[in-house]
Amino acid sequence: MTLLARAVAPPGELLDEGTITRILEPLRGRFTGQKVLVLIPDHTRTLPLPQLFRLLADVLSDASQLDFMVALGTHPPMTDEHIRQILGLTEEERQRKYGHIRLLNHEWADPETLVSIGTVTQEKVREIAGDRWHPTLGGDVDILINRAAVEADQIVILGPTFPHEVVGFSGGAKYLFPGISGADMINVTHWLGALAGVRGTIGIKDTPVRALIHEAATHLRTPLTLIALVVQGQGLGGMFVGDHLEAWSAAADLSSERHIVWVEKPYRFILSAAPPMYDELWTAGKAMYKLDPALADGGELVIYAPHLEEVSVVHGRYISEIGYHTVPYFLNQWERFDHVPLGVIAHSTHVRGDGEWVDGHEVPRVKVTLASRVSPEDCARLNLGYLDPDSINLDDYANREDEGVLLVRKAGETLYRYRGEQ
């Protein structure tokens with residue numbers, strides 16, 4: 001299966017509903033009488049999900065069973081009410097018009113929900129990793145995936161593509177690994193991304209982690225169809241439906257045009273405002289990832305998130321233990337941290353940025369400060385700077401690019417990159 005349909009709006013414009021409906025139409029009747037599993041993102045991704053849910057539910061109405069599963073990775077489970085909210089459904093619609101559709105969470109930590117579909121050998125991981133290989137990546141990787149993916153007759157992935165700190169560009173088979181996978185794939189993909197570094201990964205199409213994800217996907221026998229979205233604002237600038245490799249590739253190409261802002265000179269100070277959809281630092285860290293490549297050596301980035309009170313519901317215990325540090329900090333004293341999941345260590349290094357290990361001490365490239373409801377004492381324990389969010393007036397930082405100061409009012413999806421490191 002190649003691309004079944006595609007549409008790209010001119011820059012600054014959005015696809016209208018008629019066009020979106022037309023792009024989805026080739027799927028009508030394609031899965032008649034089959035069990036279809038649709039994978040969707042949670043609330044930490046921007047897309048017109050209520051509109052797309054209704055259109056896709058209509059197109060797939062002749063499936064014998066239709067399930068929508070939130071590809072959470074290790075994000076906290078969503079309540080039934082929260083899932084209904086992100087789909088834009090009233091309680092009456094949920095019970096009547098869409099009562100036949102099951103709405104599911106991926107449960108990565110429950111072994112009963114997972115099944116092994118094969119192994120990526122250590123030799124293969126090493127080949128894919130290339131010069132990013134490090135023994136801390138471990139041995140063979142068990143490809144555990146939610147058993148619903150194996151029990152379905154067809155899988156449809158519906159999700160946006162943005163520059164991404166772990167894989168280069170999000171979307172596509174990332175909704176399988178780590179989206180609905182077990183801990184092994186989650187950990188090895190994130191740690192491999194950390195070894196490559198955010199600045200060496202984000203906004204780059206062909207990365208070792210993307211190759212590893214695609215390798216794992218070859219072990220899944222259930223046919224895949226991808227609806228790859230390129231989001232602009234609250235609407236769609238592009239849409240590609242068909243083979244998951246081809247549709248993702250086209251979406252990544254368009255995302256590289258629409259979601260990257262090239263800067264001519266790196267900034268010494270960036271105020272990066274994380275929107276409320278990032279309700280814990282585990283996801284609000286994107287306010288750092290997307291701006292790190294535009295931050296000068298020795299500069300400071302402030303993650304401004306006055307709504308944020310939680311570091312991580314799922315992983316907070318480990319993060320409190322290890323704090324936020326650079327890759328060399330961990331590699332040079334690995335015996336202290338080898339009990340911590342690799343995905344957690346990867347998150348720590350992504351937020352903290354690059355650095356070096358000099359004479360037994362960590363030397364970070366930049367300073368990272370948190371302006372949130374996390375206390376000054378906790379920030380100090382986490383190895384992050386603290387700034388009182390109530391002391392910040394965003395407008396004080398606006399229009400100061402000539403001074404080396406950048407304000408980003410909604411950070412986390414658009415990548416800013418210094419052209420000199422292109």
# chains A, B, ... in the order shown; residues from 1 in each chain; ligands from 1
>>> residues_around(residues="range 242-250 of chain A", least_positions_apart="6", cutoff="12 Å", atoms="only C-alpha atoms", output="PDB file with N, CA, C and O atoms, in the first residue's frame")
ATOM      1  N   MET A   1       0.845  -1.196   0.000  1.00  0.00           N
ATOM      2  CA  MET A   1       0.000   0.000   0.000  1.00  0.00           C
ATOM      3  C   MET A   1       0.873   1.234   0.000  1.00  0.00           C
ATOM      4  O   MET A   1       1.730   1.405   0.850  1.00  0.00           O
ATOM      5  N   THR A   2       0.667   2.098  -0.952  1.00  0.00           N
ATOM      6  CA  THR A   2       1.365   3.383  -0.986  1.00  0.00           C
ATOM      7  C   THR A   2       0.425   4.454  -0.438  1.00  0.00           C
ATOM      8  O   THR A   2      -0.555   4.160   0.227  1.00  0.00           O
ATOM      9  N   LEU A   3       0.712   5.694  -0.736  1.00  0.00           N
ATOM     10  CA  LEU A   3      -0.169   6.763  -0.276  1.00  0.00           C
ATOM     11  C   LEU A   3      -1.528   6.657  -0.952  1.00  0.00           C
ATOM     12  O   LEU A   3      -1.627   6.612  -2.183  1.00  0.00           O
ATOM     13  N   LEU A   4      -2.563   6.631  -0.144  1.00  0.00           N
ATOM     14  CA  LEU A   4      -3.917   6.588  -0.683  1.00  0.00           C
ATOM     15  C   LEU A   4      -4.436   7.984  -0.991  1.00  0.00           C
ATOM     16  O   LEU A   4      -5.229   8.173  -1.914  1.00  0.00           O
ATOM     17  N   ALA A   5      -4.006   8.949  -0.182  1.00  0.00           N
ATOM     18  CA  ALA A   5      -4.465  10.331  -0.374  1.00  0.00           C
ATOM     19  C   ALA A   5      -3.527  11.274   0.345  1.00  0.00           C
ATOM     20  O   ALA A   5      -2.882  10.900   1.329  1.00  0.00           O
ATOM     21  N   ARG A   6      -3.462  12.497  -0.131  1.00  0.00           N
ATOM     22  CA  ARG A   6      -2.651  13.526   0.510  1.00  0.00           C
ATOM     23  C   ARG A   6      -3.228  14.890   0.190  1.00  0.00           C
ATOM     24  O   ARG A   6      -3.875  15.086  -0.856  1.00  0.00           O
ATOM     25  N   ALA A   7      -2.986  15.828   1.077  1.00  0.00           N
ATOM     26  CA  ALA A   7      -3.392  17.211   0.841  1.00  0.00           C
ATOM     27  C   ALA A   7      -2.471  18.115   1.641  1.00  0.00           C
ATOM     28  O   ALA A   7      -2.148  17.827   2.797  1.00  0.00           O
ATOM     29  N   VAL A   8      -2.047  19.211   1.023  1.00  0.00           N
ATOM     30  CA  VAL A   8      -1.188  20.186   1.680  1.00  0.00           C
ATOM     31  C   VAL A   8      -1.768  21.574   1.430  1.00  0.00           C
ATOM     32  O   VAL A   8      -1.994  21.961   0.266  1.00  0.00           O
ATOM     33  N   ILE A  23      -9.886  13.349   2.024  1.00  0.00           N
ATOM     34  CA  ILE A  23      -8.642  12.615   2.234  1.00  0.00           C
ATOM     35  C   ILE A  23      -8.889  11.320   3.006  1.00  0.00           C
ATOM     36  O   ILE A  23      -8.209  10.311   2.794  1.00  0.00           O
ATOM     37  N   LEU A  24      -9.877  11.316   3.898  1.00  0.00           N
ATOM     38  CA  LEU A  24     -10.196  10.110   4.658  1.00  0.00           C
ATOM     39  C   LEU A  24     -11.055   9.122   3.876  1.00  0.00           C
ATOM     40  O   LEU A  24     -11.103   7.931   4.213  1.00  0.00           O
ATOM     41  N   GLU A  25     -11.707   9.577   2.831  1.00  0.00           N
ATOM     42  CA  GLU A  25     -12.696   8.759   2.126  1.00  0.00           C
ATOM     43  C   GLU A  25     -12.137   7.444   1.572  1.00  0.00           C
ATOM     44  O   GLU A  25     -12.855   6.423   1.559  1.00  0.00           O
ATOM     45  N   PRO A  26     -10.879   7.374   1.105  1.00  0.00           N
ATOM     46  CA  PRO A  26     -10.367   6.084   0.610  1.00  0.00           C
ATOM     47  C   PRO A  26     -10.363   4.967   1.646  1.00  0.00           C
ATOM     48  O   PRO A  26     -10.237   3.784   1.278  1.00  0.00           O
ATOM     49  N   LEU A  27     -10.518   5.305   2.929  1.00  0.00           N
ATOM     50  CA  LEU A  27     -10.564   4.276   3.959  1.00  0.00           C
ATOM     51  C   LEU A  27     -11.961   3.675   4.107  1.00  0.00           C
ATOM     52  O   LEU A  27     -12.113   2.609   4.708  1.00  0.00           O
ATOM     53  N   ARG A  30     -12.810  -0.100   3.360  1.00  0.00           N
ATOM     54  CA  ARG A  30     -11.541  -0.825   3.256  1.00  0.00           C
ATOM     55  C   ARG A  30     -11.398  -1.903   4.335  1.00  0.00           C
ATOM     56  O   ARG A  30     -10.701  -2.907   4.135  1.00  0.00           O
ATOM     57  N   ILE A 155      -4.649  -1.941  12.023  1.00  0.00           N
ATOM     58  CA  ILE A 155      -4.309  -0.829  12.896  1.00  0.00           C
ATOM     59  C   ILE A 155      -4.286   0.450  12.070  1.00  0.00           C
ATOM     60  O   ILE A 155      -3.688   0.485  10.987  1.00  0.00           O
ATOM     61  N   VAL A 156      -4.950   1.475  12.574  1.00  0.00           N
ATOM     62  CA  VAL A 156      -4.906   2.807  11.969  1.00  0.00           C
ATOM     63  C   VAL A 156      -4.260   3.739  12.988  1.00  0.00           C
ATOM     64  O   VAL A 156      -4.698   3.805  14.141  1.00  0.00           O
ATOM     65  N   ILE A 157      -3.218   4.414  12.584  1.00  0.00           N
ATOM     66  CA  ILE A 157      -2.553   5.394  13.447  1.00  0.00           C
ATOM     67  C   ILE A 157      -2.987   6.790  13.019  1.00  0.00           C
ATOM     68  O   ILE A 157      -2.864   7.148  11.846  1.00  0.00           O
ATOM     69  N   LEU A 158      -3.506   7.543  13.957  1.00  0.00           N
ATOM     70  CA  LEU A 158      -3.943   8.915  13.698  1.00  0.00           C
ATOM     71  C   LEU A 158      -3.155   9.839  14.616  1.00  0.00           C
ATOM     72  O   LEU A 158      -3.351   9.830  15.826  1.00  0.00           O
ATOM     73  N   GLY A 159      -2.233  10.621  14.040  1.00  0.00           N
ATOM     74  CA  GLY A 159      -1.456  11.490  14.914  1.00  0.00           C
ATOM     75  C   GLY A 159      -0.615  12.490  14.159  1.00  0.00           C
ATOM     76  O   GLY A 159      -0.317  12.322  12.976  1.00  0.00           O
ATOM     77  N   PRO A 160      -0.197  13.546  14.854  1.00  0.00           N
ATOM     78  CA  PRO A 160       0.582  14.607  14.231  1.00  0.00           C
ATOM     79  C   PRO A 160       2.070  14.284  14.177  1.00  0.00           C
ATOM     80  O   PRO A 160       2.571  13.439  14.931  1.00  0.00           O
ATOM     81  N   THR A 161       2.762  14.968  13.311  1.00  0.00           N
ATOM     82  CA  THR A 161       4.215  14.880  13.191  1.00  0.00           C
ATOM     83  C   THR A 161       4.812  16.248  13.500  1.00  0.00           C
ATOM     84  O   THR A 161       4.450  17.248  12.871  1.00  0.00           O
ATOM     85  N   PHE A 162       5.701  16.261  14.493  1.00  0.00           N
ATOM     86  CA  PHE A 162       6.427  17.458  14.901  1.00  0.00           C
ATOM     87  C   PHE A 162       7.907  17.098  15.054  1.00  0.00           C
ATOM     88  O   PHE A 162       8.251  15.927  15.224  1.00  0.00           O
ATOM     89  N   GLY A 168      13.663  12.455  16.340  1.00  0.00           N
ATOM     90  CA  GLY A 168      13.899  13.356  15.208  1.00  0.00           C
ATOM     91  C   GLY A 168      12.646  14.061  14.783  1.00  0.00           C
ATOM     92  O   GLY A 168      12.529  15.287  14.859  1.00  0.00           O
ATOM     93  N   PHE A 169      11.670  13.270  14.306  1.00  0.00           N
ATOM     94  CA  PHE A 169      10.313  13.749  14.036  1.00  0.00           C
ATOM     95  C   PHE A 169       9.351  12.714  14.597  1.00  0.00           C
ATOM     96  O   PHE A 169       9.555  11.508  14.428  1.00  0.00           O
ATOM     97  N   SER A 170       8.305  13.174  15.253  1.00  0.00           N
ATOM     98  CA  SER A 170       7.351  12.270  15.878  1.00  0.00           C
ATOM     99  C   SER A 170       6.403  11.689  14.838  1.00  0.00           C
ATOM    100  O   SER A 170       6.503  11.946  13.650  1.00  0.00           O
ATOM    101  N   GLY A 171       5.453  10.894  15.324  1.00  0.00           N
ATOM    102  CA  GLY A 171       4.433  10.341  14.452  1.00  0.00           C
ATOM    103  C   GLY A 171       4.807   8.985  13.875  1.00  0.00           C
ATOM    104  O   GLY A 171       5.861   8.421  14.137  1.00  0.00           O
ATOM    105  N   GLY A 172       3.891   8.463  13.067  1.00  0.00           N
ATOM    106  CA  GLY A 172       4.128   7.185  12.411  1.00  0.00           C
ATOM    107  C   GLY A 172       4.256   6.043  13.397  1.00  0.00           C
ATOM    108  O   GLY A 172       3.507   5.937  14.380  1.00  0.00           O
ATOM    109  N   ALA A 173       5.235   5.168  13.151  1.00  0.00           N
ATOM    110  CA  ALA A 173       5.410   3.977  13.992  1.00  0.00           C
ATOM    111  C   ALA A 173       5.793   4.302  15.425  1.00  0.00           C
ATOM    112  O   ALA A 173       5.797   3.409  16.278  1.00  0.00           O
ATOM    113  N   LYS A 174       6.103   5.564  15.722  1.00  0.00           N
ATOM    114  CA  LYS A 174       6.332   5.952  17.125  1.00  0.00           C
ATOM    115  C   LYS A 174       5.077   5.710  17.956  1.00  0.00           C
ATOM    116  O   LYS A 174       5.166   5.554  19.179  1.00  0.00           O
ATOM    117  N   TYR A 175       3.915   5.664  17.344  1.00  0.00           N
ATOM    118  CA  TYR A 175       2.690   5.347  18.077  1.00  0.00           C
ATOM    119  C   TYR A 175       2.646   3.886  18.512  1.00  0.00           C
ATOM    120  O   TYR A 175       1.864   3.527  19.396  1.00  0.00           O
ATOM    121  N   LEU A 176       3.495   3.056  17.899  1.00  0.00           N
ATOM    122  CA  LEU A 176       3.662   1.680  18.352  1.00  0.00           C
ATOM    123  C   LEU A 176       4.751   1.581  19.399  1.00  0.00           C
ATOM    124  O   LEU A 176       4.578   0.980  20.459  1.00  0.00           O
ATOM    125  N   ILE A 204      15.719  16.199  12.800  1.00  0.00           N
ATOM    126  CA  ILE A 204      16.500  15.442  11.814  1.00  0.00           C
ATOM    127  C   ILE A 204      15.691  14.206  11.438  1.00  0.00           C
ATOM    128  O   ILE A 204      15.257  13.449  12.307  1.00  0.00           O
ATOM    129  N   LYS A 205      15.495  13.989  10.168  1.00  0.00           N
ATOM    130  CA  LYS A 205      14.556  12.963   9.730  1.00  0.00           C
ATOM    131  C   LYS A 205      15.076  11.547   9.964  1.00  0.00           C
ATOM    132  O   LYS A 205      14.363  10.689  10.494  1.00  0.00           O
ATOM    133  N   ASP A 206      16.288  11.279   9.552  1.00  0.00           N
ATOM    134  CA  ASP A 206      16.842   9.931   9.660  1.00  0.00           C
ATOM    135  C   ASP A 206      17.757   9.860  10.869  1.00  0.00           C
ATOM    136  O   ASP A 206      18.877  10.370  10.854  1.00  0.00           O
ATOM    137  N   ARG A 210      14.726   6.444  15.056  1.00  0.00           N
ATOM    138  CA  ARG A 210      13.706   6.185  14.034  1.00  0.00           C
ATOM    139  C   ARG A 210      13.981   4.846  13.352  1.00  0.00           C
ATOM    140  O   ARG A 210      13.064   4.047  13.111  1.00  0.00           O
ATOM    141  N   ALA A 211      15.244   4.562  13.058  1.00  0.00           N
ATOM    142  CA  ALA A 211      15.601   3.287  12.436  1.00  0.00           C
ATOM    143  C   ALA A 211      15.265   2.112  13.351  1.00  0.00           C
ATOM    144  O   ALA A 211      14.786   1.062  12.895  1.00  0.00           O
ATOM    145  N   ILE A 213      12.908   2.058  15.696  1.00  0.00           N
ATOM    146  CA  ILE A 213      11.447   1.934  15.719  1.00  0.00           C
ATOM    147  C   ILE A 213      10.945   1.203  14.472  1.00  0.00           C
ATOM    148  O   ILE A 213      10.097   0.311  14.546  1.00  0.00           O
ATOM    149  N   HIS A 214      11.466   1.573  13.319  1.00  0.00           N
ATOM    150  CA  HIS A 214      11.030   0.923  12.084  1.00  0.00           C
ATOM    151  C   HIS A 214      11.459  -0.538  12.035  1.00  0.00           C
ATOM    152  O   HIS A 214      10.746  -1.390  11.500  1.00  0.00           O
ATOM    153  N   GLU A 215      12.621  -0.842  12.611  1.00  0.00           N
ATOM    154  CA  GLU A 215      13.051  -2.242  12.707  1.00  0.00           C
ATOM    155  C   GLU A 215      12.072  -3.040  13.569  1.00  0.00           C
ATOM    156  O   GLU A 215      11.652  -4.139  13.200  1.00  0.00           O
ATOM    157  N   ALA A 217       8.979  -2.395  14.134  1.00  0.00           N
ATOM    158  CA  ALA A 217       7.674  -2.462  13.465  1.00  0.00           C
ATOM    159  C   ALA A 217       7.608  -3.582  12.435  1.00  0.00           C
ATOM    160  O   ALA A 217       6.521  -4.078  12.123  1.00  0.00           O
ATOM    161  N   THR A 218       8.751  -4.009  11.907  1.00  0.00           N
ATOM    162  CA  THR A 218       8.735  -5.109  10.926  1.00  0.00           C
ATOM    163  C   THR A 218       8.306  -6.421  11.571  1.00  0.00           C
ATOM    164  O   THR A 218       7.931  -7.366  10.859  1.00  0.00           O
ATOM    165  N   PRO A 223      -1.605  -5.455   9.703  1.00  0.00           N
ATOM    166  CA  PRO A 223      -1.424  -4.370   8.719  1.00  0.00           C
ATOM    167  C   PRO A 223      -1.628  -2.992   9.342  1.00  0.00           C
ATOM    168  O   PRO A 223      -2.499  -2.796  10.188  1.00  0.00           O
ATOM    169  N   LEU A 224      -0.799  -2.039   8.894  1.00  0.00           N
ATOM    170  CA  LEU A 224      -0.811  -0.673   9.420  1.00  0.00           C
ATOM    171  C   LEU A 224      -1.253   0.307   8.345  1.00  0.00           C
ATOM    172  O   LEU A 224      -0.806   0.227   7.199  1.00  0.00           O
ATOM    173  N   THR A 225      -2.089   1.251   8.734  1.00  0.00           N
ATOM    174  CA  THR A 225      -2.411   2.405   7.900  1.00  0.00           C
ATOM    175  C   THR A 225      -2.158   3.661   8.735  1.00  0.00           C
ATOM    176  O   THR A 225      -2.586   3.729   9.895  1.00  0.00           O
ATOM    177  N   LEU A 226      -1.476   4.614   8.179  1.00  0.00           N
ATOM    178  CA  LEU A 226      -1.150   5.842   8.903  1.00  0.00           C
ATOM    179  C   LEU A 226      -1.918   7.027   8.341  1.00  0.00           C
ATOM    180  O   LEU A 226      -1.961   7.223   7.121  1.00  0.00           O
ATOM    181  N   ILE A 227      -2.519   7.782   9.243  1.00  0.00           N
ATOM    182  CA  ILE A 227      -3.062   9.105   8.912  1.00  0.00           C
ATOM    183  C   ILE A 227      -2.123  10.106   9.578  1.00  0.00           C
ATOM    184  O   ILE A 227      -2.214  10.377  10.775  1.00  0.00           O
ATOM    185  N   ALA A 228      -1.171  10.607   8.803  1.00  0.00           N
ATOM    186  CA  ALA A 228      -0.135  11.498   9.323  1.00  0.00           C
ATOM    187  C   ALA A 228      -0.580  12.941   9.154  1.00  0.00           C
ATOM    188  O   ALA A 228      -0.947  13.366   8.049  1.00  0.00           O
ATOM    189  N   LEU A 229      -0.528  13.688  10.235  1.00  0.00           N
ATOM    190  CA  LEU A 229      -1.029  15.058  10.255  1.00  0.00           C
ATOM    191  C   LEU A 229       0.111  16.035  10.476  1.00  0.00           C
ATOM    192  O   LEU A 229       1.014  15.782  11.261  1.00  0.00           O
ATOM    193  N   VAL A 230       0.043  17.158   9.796  1.00  0.00           N
ATOM    194  CA  VAL A 230       0.943  18.276  10.070  1.00  0.00           C
ATOM    195  C   VAL A 230       0.067  19.421  10.562  1.00  0.00           C
ATOM    196  O   VAL A 230      -0.724  19.986   9.804  1.00  0.00           O
ATOM    197  N   SER A 256       9.247  19.702   8.559  1.00  0.00           N
ATOM    198  CA  SER A 256      10.541  20.396   8.548  1.00  0.00           C
ATOM    199  C   SER A 256      10.426  21.776   7.927  1.00  0.00           C
ATOM    200  O   SER A 256      11.220  22.670   8.247  1.00  0.00           O
ATOM    201  N   GLU A 257       9.423  21.973   7.065  1.00  0.00           N
ATOM    202  CA  GLU A 257       9.191  23.284   6.457  1.00  0.00           C
ATOM    203  C   GLU A 257       8.326  24.182   7.348  1.00  0.00           C
ATOM    204  O   GLU A 257       8.525  25.402   7.379  1.00  0.00           O
TER     205      GLU A 257
END
>>> select_by_dssp(residues="range 87-269 of chain A", states="alpha helix (DSSP H)", output="PyMOL selection string")
chain A and resi 91-95+122-129+147-151+183-196+208-217+244-258
>>> select_by_dssp(residues="range 8-114 of chain A", states="strand (DSSP E)", output="number ranges by chain")
A: 8, 35-40, 65-70, 102-105, 114
>>> write_last_selection(atoms="all heavy atoms", output="compact mmCIF listing (two decimals), in the first residue's frame")
# COMPACT_ATOMS: atom_id res chain seq x y z
N VAL A 8 -2.05 19.21 1.02
CA VAL A 8 -1.19 20.19 1.68
C VAL A 8 -1.77 21.57 1.43
O VAL A 8 -1.99 21.96 0.27
CB VAL A 8 0.26 20.11 1.15
CG1 VAL A 8 1.11 21.21 1.78
CG2 VAL A 8 0.86 18.74 1.42
N LYS A 35 -11.84 -6.14 12.73
CA LYS A 35 -11.56 -5.48 14.01
C LYS A 35 -10.47 -4.45 13.79
O LYS A 35 -9.36 -4.78 13.39
CB LYS A 35 -11.11 -6.52 15.03
CG LYS A 35 -12.19 -7.52 15.43
CD LYS A 35 -11.74 -8.42 16.56
CE LYS A 35 -10.61 -9.34 16.12
NZ LYS A 35 -10.23 -10.30 17.20
N VAL A 36 -10.82 -3.18 14.03
CA VAL A 36 -9.90 -2.08 13.76
C VAL A 36 -9.49 -1.40 15.07
O VAL A 36 -10.35 -1.04 15.89
CB VAL A 36 -10.53 -1.05 12.80
CG1 VAL A 36 -9.56 0.10 12.53
CG2 VAL A 36 -10.95 -1.72 11.49
N LEU A 37 -8.21 -1.24 15.24
CA LEU A 37 -7.65 -0.51 16.39
C LEU A 37 -7.09 0.80 15.89
O LEU A 37 -6.18 0.82 15.05
CB LEU A 37 -6.54 -1.34 17.05
CG LEU A 37 -5.77 -0.65 18.19
CD1 LEU A 37 -6.68 -0.39 19.39
CD2 LEU A 37 -4.56 -1.48 18.60
N VAL A 38 -7.60 1.92 16.40
CA VAL A 38 -7.12 3.25 16.03
C VAL A 38 -6.28 3.79 17.19
O VAL A 38 -6.76 3.86 18.33
CB VAL A 38 -8.28 4.22 15.73
CG1 VAL A 38 -7.72 5.58 15.31
CG2 VAL A 38 -9.18 3.65 14.64
N LEU A 39 -5.05 4.17 16.92
CA LEU A 39 -4.15 4.73 17.93
C LEU A 39 -4.17 6.25 17.82
O LEU A 39 -3.99 6.80 16.73
CB LEU A 39 -2.73 4.20 17.74
CG LEU A 39 -2.57 2.68 17.78
CD1 LEU A 39 -1.12 2.29 17.57
CD2 LEU A 39 -3.10 2.11 19.10
N ILE A 40 -4.36 6.91 18.95
CA ILE A 40 -4.46 8.36 18.99
C ILE A 40 -3.54 8.90 20.09
O ILE A 40 -3.19 8.18 21.03
CB ILE A 40 -5.90 8.85 19.23
CG1 ILE A 40 -6.44 8.29 20.56
CG2 ILE A 40 -6.80 8.45 18.05
CD1 ILE A 40 -7.80 8.85 20.95
N GLN A 65 -15.61 -4.33 14.83
CA GLN A 65 -15.24 -3.79 16.15
C GLN A 65 -14.31 -2.61 15.93
O GLN A 65 -13.37 -2.70 15.15
CB GLN A 65 -14.53 -4.87 16.98
CG GLN A 65 -14.09 -4.39 18.36
CD GLN A 65 -13.42 -5.50 19.15
OE1 GLN A 65 -13.95 -6.62 19.24
NE2 GLN A 65 -12.26 -5.21 19.72
N LEU A 66 -14.60 -1.52 16.61
CA LEU A 66 -13.81 -0.31 16.45
C LEU A 66 -13.35 0.18 17.83
O LEU A 66 -14.18 0.51 18.68
CB LEU A 66 -14.62 0.78 15.75
CG LEU A 66 -13.90 2.10 15.43
CD1 LEU A 66 -12.65 1.86 14.59
CD2 LEU A 66 -14.85 3.07 14.71
N ASP A 67 -12.03 0.17 18.03
CA ASP A 67 -11.45 0.62 19.29
C ASP A 67 -10.54 1.82 19.03
O ASP A 67 -9.76 1.81 18.07
CB ASP A 67 -10.60 -0.49 19.92
CG ASP A 67 -11.41 -1.72 20.29
OD1 ASP A 67 -12.63 -1.58 20.50
OD2 ASP A 67 -10.82 -2.81 20.36
N PHE A 68 -10.61 2.80 19.90
CA PHE A 68 -9.66 3.91 19.91
C PHE A 68 -8.82 3.78 21.17
O PHE A 68 -9.36 3.76 22.28
CB PHE A 68 -10.38 5.26 19.89
CG PHE A 68 -10.85 5.70 18.53
CD1 PHE A 68 -11.89 5.04 17.89
CD2 PHE A 68 -10.25 6.76 17.88
CE1 PHE A 68 -12.33 5.44 16.64
CE2 PHE A 68 -10.67 7.17 16.62
CZ PHE A 68 -11.71 6.51 15.99
N MET A 69 -7.51 3.68 21.00
CA MET A 69 -6.61 3.54 22.13
C MET A 69 -5.67 4.73 22.20
O MET A 69 -5.06 5.10 21.19
CB MET A 69 -5.79 2.25 22.02
CG MET A 69 -4.75 2.07 23.13
SD MET A 69 -3.85 0.50 23.03
CE MET A 69 -5.11 -0.61 23.64
N VAL A 70 -5.54 5.31 23.40
CA VAL A 70 -4.60 6.42 23.61
C VAL A 70 -3.20 5.82 23.76
O VAL A 70 -2.93 5.05 24.68
CB VAL A 70 -4.97 7.23 24.85
CG1 VAL A 70 -4.04 8.44 24.97
CG2 VAL A 70 -6.42 7.69 24.78
N ARG A 102 -15.09 1.35 21.65
CA ARG A 102 -14.37 1.26 22.92
C ARG A 102 -13.26 2.31 22.96
O ARG A 102 -12.51 2.46 21.99
CB ARG A 102 -13.78 -0.14 23.11
CG ARG A 102 -14.83 -1.23 23.26
CD ARG A 102 -14.22 -2.51 23.81
NE ARG A 102 -13.13 -3.02 22.97
CZ ARG A 102 -12.37 -4.05 23.30
NH1 ARG A 102 -12.54 -4.67 24.47
NH2 ARG A 102 -11.42 -4.48 22.47
N LEU A 103 -13.15 3.00 24.09
CA LEU A 103 -12.10 3.99 24.31
C LEU A 103 -11.16 3.44 25.35
O LEU A 103 -11.55 3.20 26.50
CB LEU A 103 -12.71 5.32 24.76
CG LEU A 103 -13.78 5.92 23.85
CD1 LEU A 103 -14.29 7.24 24.42
CD2 LEU A 103 -13.23 6.14 22.45
N LEU A 104 -9.88 3.25 24.97
CA LEU A 104 -8.94 2.51 25.79
C LEU A 104 -7.67 3.30 26.08
O LEU A 104 -7.26 4.15 25.29
CB LEU A 104 -8.54 1.21 25.07
CG LEU A 104 -9.68 0.34 24.54
CD1 LEU A 104 -9.12 -0.76 23.65
CD2 LEU A 104 -10.49 -0.25 25.69
N ASN A 105 -7.04 3.00 27.22
CA ASN A 105 -5.71 3.47 27.54
C ASN A 105 -4.71 2.36 27.28
O ASN A 105 -5.00 1.18 27.53
CB ASN A 105 -5.60 3.82 29.04
CG ASN A 105 -6.08 5.20 29.38
OD1 ASN A 105 -5.66 6.18 28.77
ND2 ASN A 105 -6.95 5.29 30.38
N LEU A 114 0.37 -7.01 27.63
CA LEU A 114 1.46 -6.99 26.66
C LEU A 114 1.73 -8.38 26.10
O LEU A 114 1.51 -9.39 26.77
CB LEU A 114 2.74 -6.45 27.31
CG LEU A 114 2.65 -5.04 27.90
CD1 LEU A 114 3.91 -4.73 28.70
CD2 LEU A 114 2.45 -4.01 26.81
>>> closest_residue(among="A:Thr222, A:Lys97, A:Ala251, A:Gly118", to="Val150 in chain A", atoms="only C-alpha atoms")
A:Thr222
>>> closest_residue(among="A:Lys265, A:Arg54, A:Arg317, A:His325", to="Pro364 in chain A", atoms="only C-alpha atoms")
A:His325
>>> residues_around(residues="range 282-285 of chain A", least_positions_apart="5", cutoff="7 Å", atoms="only C-alpha atoms", output="number ranges by chain")
A: 274, 311-312, 351
